[in-house]
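*Asks:* One structure follows; several queries about it will come next.
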Amino acid sequence: VIIMKAHVKQDVCIGCGACIAICSPVFQFNDDGKAEAHNDKIDAMTEICTEKAASNCPVDAIVVS
């Protein structure tokens, strides 16, 4: 069951990697060195780390809906 979706605003992301360190099942670096949600369909198993990654992003680049 899909609970939420995650998206990284590429024009805001600074590529610090905090979200990847917190929630690698959802986030990874893209070819530009910025984070992206490679698994944007968040289920109950990854909901907590996705929310934690979003709240710890230093530039608020992660949108969770």
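By order of appearance in the structure tokens: chains A, B, ..., then residues from 1 within every chain, and ligands from 1 in the order shown.
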Extract the full set of strand (DSSP E) residues from chain A according to DSSP on the backbone, and format it as a ChimeraX atom specification.

*Replies:* /A:4-8,27-29,35-37,41-42,62-64

*Asks:* Can I get the selection written as a tab-separated table (two decimals), in the first residue's frame, with all heavy atoms?

*Replies:*
chain	number	residue	atom	x	y	z
A	4	MET	N	2.65	7.56	0.68
A	4	MET	CA	3.05	8.91	0.30
A	4	MET	C	4.04	8.85	-0.86
A	4	MET	O	4.49	7.78	-1.24
A	4	MET	CB	3.66	9.64	1.49
A	4	MET	CG	4.93	9.00	1.99
A	4	MET	SD	5.76	9.87	3.35
A	4	MET	CE	4.57	9.75	4.64
A	5	LYS	N	4.37	10.01	-1.37
A	5	LYS	CA	5.39	10.13	-2.41
A	5	LYS	C	6.43	11.14	-1.96
A	5	LYS	O	6.14	12.05	-1.19
A	5	LYS	CB	4.77	10.59	-3.73
A	5	LYS	CG	3.95	9.52	-4.41
A	5	LYS	CD	3.57	9.94	-5.80
A	5	LYS	CE	2.96	8.79	-6.55
A	5	LYS	NZ	2.92	9.03	-7.98
A	6	ALA	N	7.65	10.98	-2.45
A	6	ALA	CA	8.74	11.90	-2.14
A	6	ALA	C	9.32	12.46	-3.43
A	6	ALA	O	9.36	11.77	-4.45
A	6	ALA	CB	9.84	11.19	-1.35
A	7	HIS	N	9.74	13.72	-3.37
A	7	HIS	CA	10.35	14.38	-4.52
A	7	HIS	C	11.42	15.33	-4.00
A	7	HIS	O	11.23	15.99	-2.99
A	7	HIS	CB	9.28	15.17	-5.29
A	7	HIS	CG	9.85	16.02	-6.37
A	7	HIS	ND1	10.35	15.51	-7.55
A	7	HIS	CD2	10.03	17.36	-6.44
A	7	HIS	CE1	10.79	16.50	-8.29
A	7	HIS	NE2	10.61	17.63	-7.63
A	8	VAL	N	12.56	15.39	-4.70
A	8	VAL	CA	13.63	16.31	-4.34
A	8	VAL	C	13.65	17.44	-5.36
A	8	VAL	O	13.81	17.20	-6.56
A	8	VAL	CB	15.01	15.61	-4.30
A	8	VAL	CG1	16.10	16.61	-3.94
A	8	VAL	CG2	14.99	14.44	-3.32
A	27	PHE	N	16.29	7.48	-1.27
A	27	PHE	CA	17.08	8.54	-1.91
A	27	PHE	C	18.43	8.04	-2.39
A	27	PHE	O	19.05	7.17	-1.77
A	27	PHE	CB	17.28	9.70	-0.92
A	27	PHE	CG	15.99	10.30	-0.45
A	27	PHE	CD1	15.45	9.96	0.77
A	27	PHE	CD2	15.30	11.20	-1.25
A	27	PHE	CE1	14.25	10.50	1.21
A	27	PHE	CE2	14.10	11.75	-0.83
A	27	PHE	CZ	13.57	11.40	0.40
A	28	GLN	N	18.91	8.61	-3.49
A	28	GLN	CA	20.23	8.32	-4.02
A	28	GLN	C	20.73	9.56	-4.77
A	28	GLN	O	19.96	10.45	-5.06
A	28	GLN	CB	20.20	7.12	-4.97
A	28	GLN	CG	19.44	7.38	-6.26
A	28	GLN	CD	19.39	6.14	-7.15
A	28	GLN	OE1	19.71	5.04	-6.72
A	28	GLN	NE2	18.97	6.33	-8.39
A	29	PHE	N	22.04	9.58	-5.07
A	29	PHE	CA	22.59	10.66	-5.88
A	29	PHE	C	22.29	10.42	-7.35
A	29	PHE	O	22.33	9.28	-7.82
A	29	PHE	CB	24.11	10.76	-5.71
A	29	PHE	CG	24.53	11.39	-4.40
A	29	PHE	CD1	25.25	10.65	-3.48
A	29	PHE	CD2	24.21	12.70	-4.10
A	29	PHE	CE1	25.66	11.22	-2.29
A	29	PHE	CE2	24.61	13.27	-2.91
A	29	PHE	CZ	25.34	12.53	-2.00
A	35	ALA	N	20.63	14.81	-4.82
A	35	ALA	CA	19.79	13.70	-4.39
A	35	ALA	C	18.53	13.64	-5.23
A	35	ALA	O	18.06	14.64	-5.76
A	35	ALA	CB	19.42	13.89	-2.92
A	36	GLU	N	18.01	12.43	-5.35
A	36	GLU	CA	16.71	12.24	-5.99
A	36	GLU	C	16.02	11.08	-5.31
A	36	GLU	O	16.66	10.23	-4.70
A	36	GLU	CB	16.85	11.98	-7.49
A	36	GLU	CG	17.51	10.66	-7.82
A	36	GLU	CD	17.65	10.42	-9.32
A	36	GLU	OE1	17.33	11.32	-10.10
A	36	GLU	OE2	18.11	9.33	-9.69
A	37	ALA	N	14.71	11.06	-5.41
A	37	ALA	CA	13.94	9.95	-4.87
A	37	ALA	C	13.88	8.87	-5.95
A	37	ALA	O	13.15	8.99	-6.91
A	37	ALA	CB	12.55	10.41	-4.47
A	41	LYS	N	7.62	5.92	-4.29
A	41	LYS	CA	6.39	5.35	-3.76
A	41	LYS	C	6.68	4.80	-2.36
A	41	LYS	O	7.21	3.71	-2.20
A	41	LYS	CB	5.86	4.27	-4.69
A	41	LYS	CG	5.42	4.85	-6.02
A	41	LYS	CD	5.03	3.75	-6.99
A	41	LYS	CE	4.55	4.31	-8.30
A	41	LYS	NZ	5.55	5.07	-9.04
A	42	ILE	N	6.36	5.59	-1.38
A	42	ILE	CA	6.73	5.30	0.00
A	42	ILE	C	5.67	4.43	0.66
A	42	ILE	O	4.49	4.77	0.67
A	42	ILE	CB	6.87	6.62	0.80
A	42	ILE	CG1	7.73	7.64	0.04
A	42	ILE	CG2	7.42	6.33	2.19
A	42	ILE	CD1	9.08	7.16	-0.40
A	62	ILE	N	13.26	18.53	0.03
A	62	ILE	CA	12.45	17.32	-0.11
A	62	ILE	C	10.98	17.62	0.14
A	62	ILE	O	10.62	18.19	1.17
A	62	ILE	CB	12.92	16.22	0.87
A	62	ILE	CG1	14.40	15.89	0.59
A	62	ILE	CG2	12.04	14.98	0.76
A	62	ILE	CD1	15.02	14.98	1.62
A	63	VAL	N	10.16	17.23	-0.82
A	63	VAL	CA	8.71	17.39	-0.71
A	63	VAL	C	8.10	16.01	-0.52
A	63	VAL	O	8.35	15.11	-1.32
A	63	VAL	CB	8.11	18.04	-1.98
A	63	VAL	CG1	6.61	18.15	-1.86
A	63	VAL	CG2	8.75	19.38	-2.24
A	64	VAL	N	7.36	15.84	0.55
A	64	VAL	CA	6.67	14.58	0.82
A	64	VAL	C	5.18	14.85	0.80
A	64	VAL	O	4.70	15.76	1.45
A	64	VAL	CB	7.09	14.01	2.19
A	64	VAL	CG1	6.36	12.71	2.48
A	64	VAL	CG2	8.59	13.79	2.24

*Asks:* Just asking: which residues within chain A are helix (DSSP H, G or I) according to DSSP, as a PyMOL selection string?

*Replies:* chain A and resi 18-22+47-56

*Asks:* Next, the residues of the selection above should be written as a short mmCIF file (atom, residue, chain, number, x, y, z; two decimals), in the first residue's frame with all heavy atoms.

*Replies:*
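Dumped to result.cif:
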data_model
loop_
_atom_site.label_atom_id
_atom_site.label_comp_id
_atom_site.auth_asym_id
_atom_site.auth_seq_id
_atom_site.Cartn_x
_atom_site.Cartn_y
_atom_site.Cartn_z
N ALA A 18 22.59 14.09 3.19
CA ALA A 18 21.94 13.75 4.47
C ALA A 18 20.77 12.81 4.26
O ALA A 18 20.61 11.84 5.00
CB ALA A 18 21.50 15.02 5.19
N CYS A 19 19.96 13.07 3.26
CA CYS A 19 18.78 12.23 3.03
C CYS A 19 19.19 10.81 2.65
O CYS A 19 18.54 9.84 3.06
CB CYS A 19 17.88 12.84 1.96
SG CYS A 19 18.65 13.06 0.35
N ILE A 20 20.27 10.68 1.92
CA ILE A 20 20.75 9.36 1.51
C ILE A 20 21.27 8.59 2.72
O ILE A 20 21.01 7.41 2.87
CB ILE A 20 21.82 9.50 0.41
CG1 ILE A 20 21.19 10.16 -0.83
CG2 ILE A 20 22.44 8.15 0.08
CD1 ILE A 20 22.17 10.68 -1.82
N ALA A 21 21.98 9.29 3.59
CA ALA A 21 22.49 8.66 4.80
C ALA A 21 21.35 8.21 5.71
O ALA A 21 21.43 7.16 6.35
CB ALA A 21 23.41 9.63 5.54
N ILE A 22 20.28 8.98 5.75
CA ILE A 22 19.14 8.69 6.62
C ILE A 22 18.21 7.65 6.00
O ILE A 22 17.69 6.78 6.70
CB ILE A 22 18.36 9.98 6.94
CG1 ILE A 22 19.24 10.91 7.79
CG2 ILE A 22 17.03 9.68 7.63
CD1 ILE A 22 18.69 12.33 7.93
N GLU A 47 8.27 4.93 5.46
CA GLU A 47 7.63 6.21 5.80
C GLU A 47 8.42 6.99 6.85
O GLU A 47 8.66 8.19 6.68
CB GLU A 47 6.21 5.95 6.32
CG GLU A 47 5.49 7.21 6.75
CD GLU A 47 4.12 6.93 7.32
OE1 GLU A 47 3.78 5.76 7.60
OE2 GLU A 47 3.38 7.90 7.52
N ILE A 48 8.86 6.33 7.89
CA ILE A 48 9.55 7.03 8.98
C ILE A 48 10.87 7.62 8.52
O ILE A 48 11.17 8.79 8.79
CB ILE A 48 9.75 6.09 10.19
CG1 ILE A 48 8.38 5.74 10.79
CG2 ILE A 48 10.64 6.73 11.24
CD1 ILE A 48 8.42 4.66 11.83
N CYS A 49 11.68 6.85 7.79
CA CYS A 49 12.97 7.40 7.37
C CYS A 49 12.80 8.48 6.31
O CYS A 49 13.59 9.41 6.25
CB CYS A 49 13.95 6.31 6.93
SG CYS A 49 13.69 5.54 5.33
N THR A 50 11.75 8.39 5.50
CA THR A 50 11.49 9.44 4.50
C THR A 50 11.15 10.75 5.20
O THR A 50 11.68 11.81 4.85
CB THR A 50 10.34 9.03 3.56
OG1 THR A 50 10.68 7.81 2.92
CG2 THR A 50 10.08 10.10 2.52
N GLU A 51 10.28 10.69 6.19
CA GLU A 51 9.93 11.90 6.96
C GLU A 51 11.15 12.47 7.67
O GLU A 51 11.36 13.68 7.72
CB GLU A 51 8.84 11.57 7.98
CG GLU A 51 7.51 11.22 7.37
CD GLU A 51 6.70 12.45 6.97
OE1 GLU A 51 7.15 13.58 7.21
OE2 GLU A 51 5.61 12.26 6.41
N LYS A 52 11.98 11.59 8.23
CA LYS A 52 13.20 12.04 8.93
C LYS A 52 14.17 12.71 7.95
O LYS A 52 14.76 13.74 8.25
CB LYS A 52 13.86 10.87 9.63
CG LYS A 52 15.03 11.25 10.50
CD LYS A 52 15.58 10.07 11.27
CE LYS A 52 16.77 10.48 12.10
NZ LYS A 52 17.38 9.35 12.81
N ALA A 53 14.31 12.12 6.77
CA ALA A 53 15.19 12.71 5.75
C ALA A 53 14.69 14.10 5.35
O ALA A 53 15.48 15.04 5.23
CB ALA A 53 15.27 11.80 4.53
N ALA A 54 13.39 14.23 5.14
CA ALA A 54 12.82 15.52 4.75
C ALA A 54 13.04 16.56 5.84
O ALA A 54 13.42 17.70 5.56
CB ALA A 54 11.34 15.37 4.44
N SER A 55 12.82 16.18 7.09
CA SER A 55 12.96 17.15 8.17
C SER A 55 14.41 17.51 8.45
O SER A 55 14.70 18.57 9.02
CB SER A 55 12.28 16.64 9.45
OG SER A 55 12.95 15.52 9.96
N ASN A 56 15.35 16.66 8.04
CA ASN A 56 16.77 16.94 8.26
C ASN A 56 17.47 17.57 7.06
O ASN A 56 18.65 17.89 7.15
CB ASN A 56 17.50 15.65 8.65
CG ASN A 56 17.27 15.30 10.10
OD1 ASN A 56 17.89 15.87 10.99
ND2 ASN A 56 16.36 14.38 10.35
#

*Asks:* Mind giving me the straight-line distance from atom CA of A:Met45 to atom CA of A:Asp32 in Å, one decimal?

*Replies:*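 Atom CA of A:Asp32 lies at a distance of 28.1 Å from atom CA of A:Met45.
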
*Asks:* Please indicate the distance in Å from atom CA of A:Asp43 to atom CA of A:Val59, rounded to one decimal place.

*Replies:*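 Separating atom CA of A:Asp43 from atom CA of A:Val59 is a distance of 24.5 Å.
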
*Asks:* Between A:Lys9, A:Asp60, A:Thr46, A:Ile14, which is the closest to A:Gly33 once you count only C-alpha atoms?

*Replies:*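 Answer, going by the shortest atom-to-atom distance: A:Ile14.
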
*Asks:* In Å, rounded to a single decimal, give me how far atom CA of A:Cys23 is from atom CA of A:Asn39.

*Replies:* 10.6 Å
